[in-house]
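Worksheet: one structure, shown below.
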Amino acid sequence: MNLEQINKELKDKSPKEIINWAISISEKPIVTTNFRPYEVAILQAVSEVQKNIKVIWCDTGYNTPQTYKHAEEIIKKLQLNVQLYVPKQTVAHRNIVLGVPSIEDPKHAVFTQQVKLEPFTRAMQEHKPDVWFTNLRKGQTAFRDGIDIVSKSKDGIVKVSPFYNWIDTDLDAYLAKLNLPNEFTYFDPTKVENNRECGLHI
């Protein structure tokens, strides 16, 4: 697969055209979500093209009440085929043994492994996707600035980010046009700051 050539061809395509292209080369596509701000855009766009696509939600257990309400609203509104993955330890257990370590704490790596990386790895091993839709966008982190619309994961899965070149105002207009909700009270305990990567994508 010539990623450079593919990205050149898809550069000026709409998200829907990009999704259609990816579905056409895929046998086992998935879309991942954490229901952070603007996630509803990718969920709506992909499920419109491929109804009943598997939506992998790795719930850390630390989402805000607003995020959980938002997730329930979107799942119902878009009739999403959610495949839920959660850590093997409960939040209550972890709070006693580990707590929520700061980024600087050496135990933060163990925390991230438990709440995000292990459930995600388990999900990927069970579903074995060939195409992975994400809502990564240019400008979010230094790593994401270099991946383009189509990239490959460390495991060789084709990663497709249909909204890669869109900015927040583009997505605001998209959601308003489709009357889709957005929610900004989101917290990721593995990153703390929005410009950090948690390890799923690198």
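Labels for the structure tokens follow display order: chains A, B, ..., residues from 1 in each chain, ligands from 1.
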
Just want the 12 Å neighbourhood of Asn2 of chain A, counted on only C-alpha atoms, with same-chain residues fewer than 6 positions away dropped. Output as a list in words.
Lys8, Glu9, Val150, Ser151, Lys152 and Val158 of chain A

Give me the residues of segment 89-194 of chain A that have any atom at most 9 Å from an atom of segment 44-48 of chain A; for each, the nearest atom pair and the distance in Å, rounded to one decimal. Use only C-alpha atoms, sort by chain and number, and format it as CSV.
```
residue,atom,partner,partner_atom,distance
A:Phe133,CA,A:Val46,CA,7.9
A:Pro162,CA,A:Ala45,CA,8.9
A:Leu180,CA,A:Gln44,CA,8.8
```

Shell around Thr112 of chain A at 10 Å using only C-alpha atoms, local window under 6 positions removed, as a PDB file with N, CA and C atoms, in the first residue's frame:
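Result went into part_15.pdb, see below:
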```pdb
ATOM      1  N   THR A  60     -12.460   3.830  30.381  1.00  0.00           N
ATOM      2  CA  THR A  60     -11.482   3.776  31.471  1.00  0.00           C
ATOM      3  C   THR A  60     -12.148   3.652  32.836  1.00  0.00           C
ATOM      4  N   VAL A 100      -4.835   7.587  41.200  1.00  0.00           N
ATOM      5  CA  VAL A 100      -4.633   8.127  39.852  1.00  0.00           C
ATOM      6  C   VAL A 100      -3.290   8.852  39.880  1.00  0.00           C
ATOM      7  N   PRO A 101      -2.220   8.159  39.508  1.00  0.00           N
ATOM      8  CA  PRO A 101      -0.878   8.753  39.604  1.00  0.00           C
ATOM      9  C   PRO A 101      -0.714   9.948  38.666  1.00  0.00           C
ATOM     10  N   ILE A 103       1.362  12.382  36.010  1.00  0.00           N
ATOM     11  CA  ILE A 103       2.180  12.042  34.843  1.00  0.00           C
ATOM     12  C   ILE A 103       3.623  11.739  35.242  1.00  0.00           C
ATOM     13  N   GLU A 118      -4.385  -2.127  27.959  1.00  0.00           N
ATOM     14  CA  GLU A 118      -4.782  -3.539  28.017  1.00  0.00           C
ATOM     15  C   GLU A 118      -6.172  -3.761  27.422  1.00  0.00           C
ATOM     16  N   PRO A 189      -7.724  10.498  32.256  1.00  0.00           N
ATOM     17  CA  PRO A 189      -6.730  10.421  33.327  1.00  0.00           C
ATOM     18  C   PRO A 189      -5.359   9.926  32.871  1.00  0.00           C
ATOM     19  N   THR A 190      -5.285   9.364  31.666  1.00  0.00           N
ATOM     20  CA  THR A 190      -3.992   8.876  31.182  1.00  0.00           C
ATOM     21  C   THR A 190      -3.187   9.971  30.498  1.00  0.00           C
ATOM     22  N   LYS A 191      -3.868  11.063  30.111  1.00  0.00           N
ATOM     23  CA  LYS A 191      -3.167  12.136  29.404  1.00  0.00           C
ATOM     24  C   LYS A 191      -3.096  13.430  30.211  1.00  0.00           C
ATOM     25  N   CYS A 198      -1.573   9.056  24.729  1.00  0.00           N
ATOM     26  CA  CYS A 198      -1.710   8.062  25.797  1.00  0.00           C
ATOM     27  C   CYS A 198      -1.030   6.745  25.435  1.00  0.00           C
ATOM     28  N   GLY A 199      -0.712   6.554  24.159  1.00  0.00           N
ATOM     29  CA  GLY A 199      -0.011   5.330  23.756  1.00  0.00           C
ATOM     30  C   GLY A 199      -0.758   4.470  22.771  1.00  0.00           C
TER      31      GLY A 199
END
```

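One distance worth recording is that between atom CA of Asp105 of chain A and atom CA of Gln89 of chain A, which is 19.8 Å.
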
What is the distance, in Å and to one decimal place, between atom CA of Pro15 of chain A and atom CA of Ile42 of chain A?
8.8 Å

Please provide the set of residues having any atom within 12 Å of Asn179 of chain A, restricted to only C-alpha atoms, with same-chain residues fewer than 3 positions apart removed, written as a list in words.
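Returned residues: Val40, Ala41, Gln44, Ile74, Lys77, Leu78, Leu171, Asp172, Ala173, Tyr174, Leu175, Ala176 and Asn182 of chain A.
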
Got a sec: who's within 9 Å of segment 95-99 of chain A, counting only C-alpha atoms, leaving out chain neighbours fewer than 4 positions off, as number ranges by chain?
A: 90-91, 107-108, 110-111

Just the selected residues (C-alpha atoms), exported as a JSON list (two decimals), in the first residue's frame, please.
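The result, written out as again-v2.json:
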```
[["chain", "number", "residue", "atom", "x", "y", "z"],
["A", 90, "THR", "CA", -12.54, -1.93, 39.18],
["A", 91, "VAL", "CA", -12.00, 1.76, 39.86],
["A", 107, "LYS", "CA", 3.29, 4.27, 38.52],
["A", 108, "HIS", "CA", 1.51, 6.28, 35.80],
["A", 110, "VAL", "CA", 1.04, 0.92, 35.10],
["A", 111, "PHE", "CA", -2.14, 3.00, 35.45]]
```

Proximity to Tyr164 of chain A - best of A:Glu4, A:Ser14, A:His127, A:Lys28, only C-alpha atoms:
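That would be A:Ser14, the residue with the smallest distance to Tyr164 of chain A.
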
Helix (DSSP H, G or I) call set, DSSP backbone run, segment 37-143 of chain A, as number ranges by chain:
A: 39-49, 65-78, 91-97, 108-127

Any chance you could export the current selection's N, CA and C atoms as a short mmCIF file (atom, residue, chain, number, x, y, z; two decimals), in the first residue's frame?
```cif
data_model
loop_
_atom_site.label_atom_id
_atom_site.label_comp_id
_atom_site.auth_asym_id
_atom_site.auth_seq_id
_atom_site.Cartn_x
_atom_site.Cartn_y
_atom_site.Cartn_z
N GLU A 39 -16.33 13.57 18.83
CA GLU A 39 -16.35 12.15 18.43
C GLU A 39 -17.63 11.79 17.68
N VAL A 40 -18.71 12.47 17.99
CA VAL A 40 -19.99 12.17 17.35
C VAL A 40 -19.88 12.32 15.83
N ALA A 41 -18.98 13.18 15.34
CA ALA A 41 -18.84 13.39 13.90
C ALA A 41 -18.38 12.11 13.20
N ILE A 42 -17.32 11.50 13.71
CA ILE A 42 -16.80 10.28 13.09
C ILE A 42 -17.80 9.13 13.25
N LEU A 43 -18.47 9.07 14.39
CA LEU A 43 -19.44 8.00 14.62
C LEU A 43 -20.63 8.11 13.67
N GLN A 44 -21.10 9.32 13.47
CA GLN A 44 -22.21 9.53 12.54
C GLN A 44 -21.78 9.22 11.11
N ALA A 45 -20.63 9.76 10.70
CA ALA A 45 -20.20 9.63 9.32
C ALA A 45 -19.93 8.18 8.93
N VAL A 46 -19.24 7.45 9.81
CA VAL A 46 -18.90 6.06 9.49
C VAL A 46 -20.14 5.17 9.54
N SER A 47 -20.98 5.35 10.56
CA SER A 47 -22.16 4.48 10.67
C SER A 47 -23.20 4.78 9.60
N GLU A 48 -23.14 5.97 9.01
CA GLU A 48 -24.03 6.28 7.88
C GLU A 48 -23.63 5.47 6.65
N VAL A 49 -22.33 5.31 6.44
CA VAL A 49 -21.84 4.55 5.29
C VAL A 49 -21.94 3.05 5.55
N PRO A 65 -19.61 12.45 34.53
CA PRO A 65 -21.04 12.14 34.39
C PRO A 65 -21.60 12.68 33.07
N GLN A 66 -21.13 13.86 32.67
CA GLN A 66 -21.62 14.46 31.42
C GLN A 66 -21.22 13.61 30.21
N THR A 67 -20.00 13.07 30.24
CA THR A 67 -19.54 12.22 29.13
C THR A 67 -20.36 10.94 29.04
N TYR A 68 -20.66 10.33 30.20
CA TYR A 68 -21.48 9.11 30.17
C TYR A 68 -22.89 9.39 29.65
N LYS A 69 -23.46 10.52 30.04
CA LYS A 69 -24.79 10.89 29.52
C LYS A 69 -24.73 11.15 28.03
N HIS A 70 -23.68 11.83 27.60
CA HIS A 70 -23.47 12.13 26.18
C HIS A 70 -23.33 10.83 25.38
N ALA A 71 -22.56 9.89 25.92
CA ALA A 71 -22.36 8.60 25.25
C ALA A 71 -23.69 7.88 25.06
N GLU A 72 -24.48 7.83 26.12
CA GLU A 72 -25.79 7.16 26.04
C GLU A 72 -26.68 7.82 25.00
N GLU A 73 -26.64 9.14 24.95
CA GLU A 73 -27.46 9.88 23.98
C GLU A 73 -27.05 9.55 22.55
N ILE A 74 -25.74 9.54 22.29
CA ILE A 74 -25.24 9.27 20.94
C ILE A 74 -25.50 7.83 20.53
N ILE A 75 -25.25 6.90 21.45
CA ILE A 75 -25.47 5.48 21.16
C ILE A 75 -26.91 5.25 20.73
N LYS A 76 -27.83 5.87 21.44
CA LYS A 76 -29.25 5.72 21.13
C LYS A 76 -29.62 6.43 19.84
N LYS A 77 -29.15 7.66 19.68
CA LYS A 77 -29.50 8.48 18.51
C LYS A 77 -29.00 7.86 17.21
N LEU A 78 -27.76 7.34 17.23
CA LEU A 78 -27.16 6.78 16.02
C LEU A 78 -27.30 5.27 15.93
N VAL A 91 -12.52 0.47 39.42
CA VAL A 91 -12.00 1.76 39.86
C VAL A 91 -11.78 1.74 41.38
N ALA A 92 -12.74 1.15 42.11
CA ALA A 92 -12.65 1.11 43.57
C ALA A 92 -11.38 0.37 44.02
N HIS A 93 -11.10 -0.76 43.38
CA HIS A 93 -9.89 -1.53 43.70
C HIS A 93 -8.64 -0.71 43.40
N ARG A 94 -8.61 -0.11 42.20
CA ARG A 94 -7.44 0.65 41.78
C ARG A 94 -7.20 1.87 42.66
N ASN A 95 -8.29 2.51 43.09
CA ASN A 95 -8.14 3.68 43.95
C ASN A 95 -7.39 3.35 45.24
N ILE A 96 -7.59 2.15 45.74
CA ILE A 96 -6.89 1.72 46.97
C ILE A 96 -5.44 1.35 46.69
N VAL A 97 -5.22 0.61 45.62
CA VAL A 97 -3.88 0.08 45.32
C VAL A 97 -2.98 1.11 44.63
N HIS A 108 2.46 5.85 36.82
CA HIS A 108 1.51 6.28 35.80
C HIS A 108 1.48 5.33 34.61
N ALA A 109 2.62 4.74 34.28
CA ALA A 109 2.68 3.78 33.17
C ALA A 109 1.83 2.55 33.46
N VAL A 110 1.87 2.07 34.70
CA VAL A 110 1.04 0.92 35.10
C VAL A 110 -0.43 1.29 35.02
N PHE A 111 -0.75 2.50 35.49
CA PHE A 111 -2.14 3.00 35.45
C PHE A 111 -2.65 3.03 34.00
N THR A 112 -1.86 3.61 33.10
CA THR A 112 -2.26 3.71 31.69
C THR A 112 -2.42 2.33 31.07
N GLN A 113 -1.53 1.43 31.40
CA GLN A 113 -1.63 0.05 30.90
C GLN A 113 -2.93 -0.60 31.35
N GLN A 114 -3.29 -0.41 32.61
CA GLN A 114 -4.50 -1.04 33.16
C GLN A 114 -5.78 -0.46 32.56
N VAL A 115 -5.87 0.86 32.52
CA VAL A 115 -7.17 1.47 32.18
C VAL A 115 -7.37 1.68 30.68
N LYS A 116 -6.29 1.69 29.90
CA LYS A 116 -6.47 1.97 28.48
C LYS A 116 -5.79 0.97 27.55
N LEU A 117 -4.52 0.74 27.74
CA LEU A 117 -3.79 -0.07 26.76
C LEU A 117 -4.21 -1.54 26.78
N GLU A 118 -4.38 -2.13 27.96
CA GLU A 118 -4.78 -3.54 28.02
C GLU A 118 -6.17 -3.76 27.42
N PRO A 119 -7.20 -2.97 27.81
CA PRO A 119 -8.52 -3.17 27.19
C PRO A 119 -8.49 -2.96 25.68
N PHE A 120 -7.71 -1.98 25.23
CA PHE A 120 -7.62 -1.71 23.79
C PHE A 120 -6.96 -2.87 23.06
N THR A 121 -5.86 -3.36 23.60
CA THR A 121 -5.16 -4.50 22.99
C THR A 121 -6.08 -5.72 22.93
N ARG A 122 -6.82 -5.94 24.01
CA ARG A 122 -7.77 -7.06 24.05
C ARG A 122 -8.83 -6.91 22.95
N ALA A 123 -9.33 -5.70 22.78
CA ALA A 123 -10.35 -5.44 21.76
C ALA A 123 -9.81 -5.72 20.36
N MET A 124 -8.60 -5.24 20.09
CA MET A 124 -8.01 -5.43 18.77
C MET A 124 -7.72 -6.91 18.49
N GLN A 125 -7.28 -7.63 19.51
CA GLN A 125 -7.01 -9.06 19.34
C GLN A 125 -8.28 -9.86 19.07
N GLU A 126 -9.37 -9.44 19.70
CA GLU A 126 -10.63 -10.16 19.51
C GLU A 126 -11.28 -9.85 18.16
N HIS A 127 -11.19 -8.60 17.71
CA HIS A 127 -11.90 -8.21 16.48
C HIS A 127 -11.02 -8.27 15.24
#
```

I'd like the contact shell of Glu27 of chain A - 9 Å cut-off, only C-alpha atoms, skipping same-chain residues fewer than 4 positions apart - returned as number ranges by chain.
A: 23, 129-131

If you keep N, CA and C atoms, can you produce a file of those selected residues as a CSV table (one decimal), in the first residue's frame?
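Saved the output as selection.csv:
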```
chain,number,residue,atom,x,y,z
A,23,ILE,N,-14.0,1.7,3.3
A,23,ILE,CA,-14.9,0.5,3.4
A,23,ILE,C,-14.7,-0.4,2.2
A,129,PRO,N,-9.3,-6.1,13.3
A,129,PRO,CA,-9.7,-5.3,12.1
A,129,PRO,C,-8.6,-5.1,11.1
A,130,ASP,N,-9.0,-4.8,9.9
A,130,ASP,CA,-8.1,-4.5,8.8
A,130,ASP,C,-8.1,-3.0,8.6
A,131,VAL,N,-9.2,-2.3,8.9
A,131,VAL,CA,-9.3,-0.9,8.8
A,131,VAL,C,-9.8,-0.3,10.1
```

Separating atom CA of Phe163 of chain A from atom CA of Arg137 of chain A, to the nearest tenth of an Å, is a gap of 6.4 Å

Could you name the residues that touch Ile53 of chain A at 8 Å or less, counting only C-alpha atoms, but leaving out those on the same chain fewer than 3 positions away, as a PDB file with N, CA and C atoms, in the first residue's frame?
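Dumped everything to part.pdb:
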```
ATOM      1  N   PRO A  29     -13.831  -3.701   9.187  1.00  0.00           N
ATOM      2  CA  PRO A  29     -13.564  -2.350   9.693  1.00  0.00           C
ATOM      3  C   PRO A  29     -14.126  -2.152  11.095  1.00  0.00           C
ATOM      4  N   ILE A  30     -13.480  -1.279  11.846  1.00  0.00           N
ATOM      5  CA  ILE A  30     -14.011  -0.858  13.139  1.00  0.00           C
ATOM      6  C   ILE A  30     -13.830   0.653  13.260  1.00  0.00           C
ATOM      7  N   VAL A  31     -14.548   1.237  14.200  1.00  0.00           N
ATOM      8  CA  VAL A  31     -14.295   2.622  14.583  1.00  0.00           C
ATOM      9  C   VAL A  31     -14.126   2.630  16.097  1.00  0.00           C
ATOM     10  N   VAL A  46     -19.245   7.453   9.805  1.00  0.00           N
ATOM     11  CA  VAL A  46     -18.904   6.059   9.491  1.00  0.00           C
ATOM     12  C   VAL A  46     -20.137   5.167   9.543  1.00  0.00           C
ATOM     13  N   SER A  47     -20.982   5.352  10.561  1.00  0.00           N
ATOM     14  CA  SER A  47     -22.161   4.480  10.671  1.00  0.00           C
ATOM     15  C   SER A  47     -23.199   4.784   9.597  1.00  0.00           C
ATOM     16  N   GLN A  50     -21.526   2.623   6.743  1.00  0.00           N
ATOM     17  CA  GLN A  50     -21.533   1.198   7.095  1.00  0.00           C
ATOM     18  C   GLN A  50     -22.387   1.006   8.342  1.00  0.00           C
ATOM     19  N   LEU A  80     -25.802   2.835  17.590  1.00  0.00           N
ATOM     20  CA  LEU A  80     -24.446   2.312  17.420  1.00  0.00           C
ATOM     21  C   LEU A  80     -24.304   0.882  17.939  1.00  0.00           C
ATOM     22  N   ASN A  81     -23.489   0.130  17.228  1.00  0.00           N
ATOM     23  CA  ASN A  81     -23.176  -1.252  17.596  1.00  0.00           C
ATOM     24  C   ASN A  81     -21.942  -1.239  18.501  1.00  0.00           C
TER      25      ASN A  81
END
```
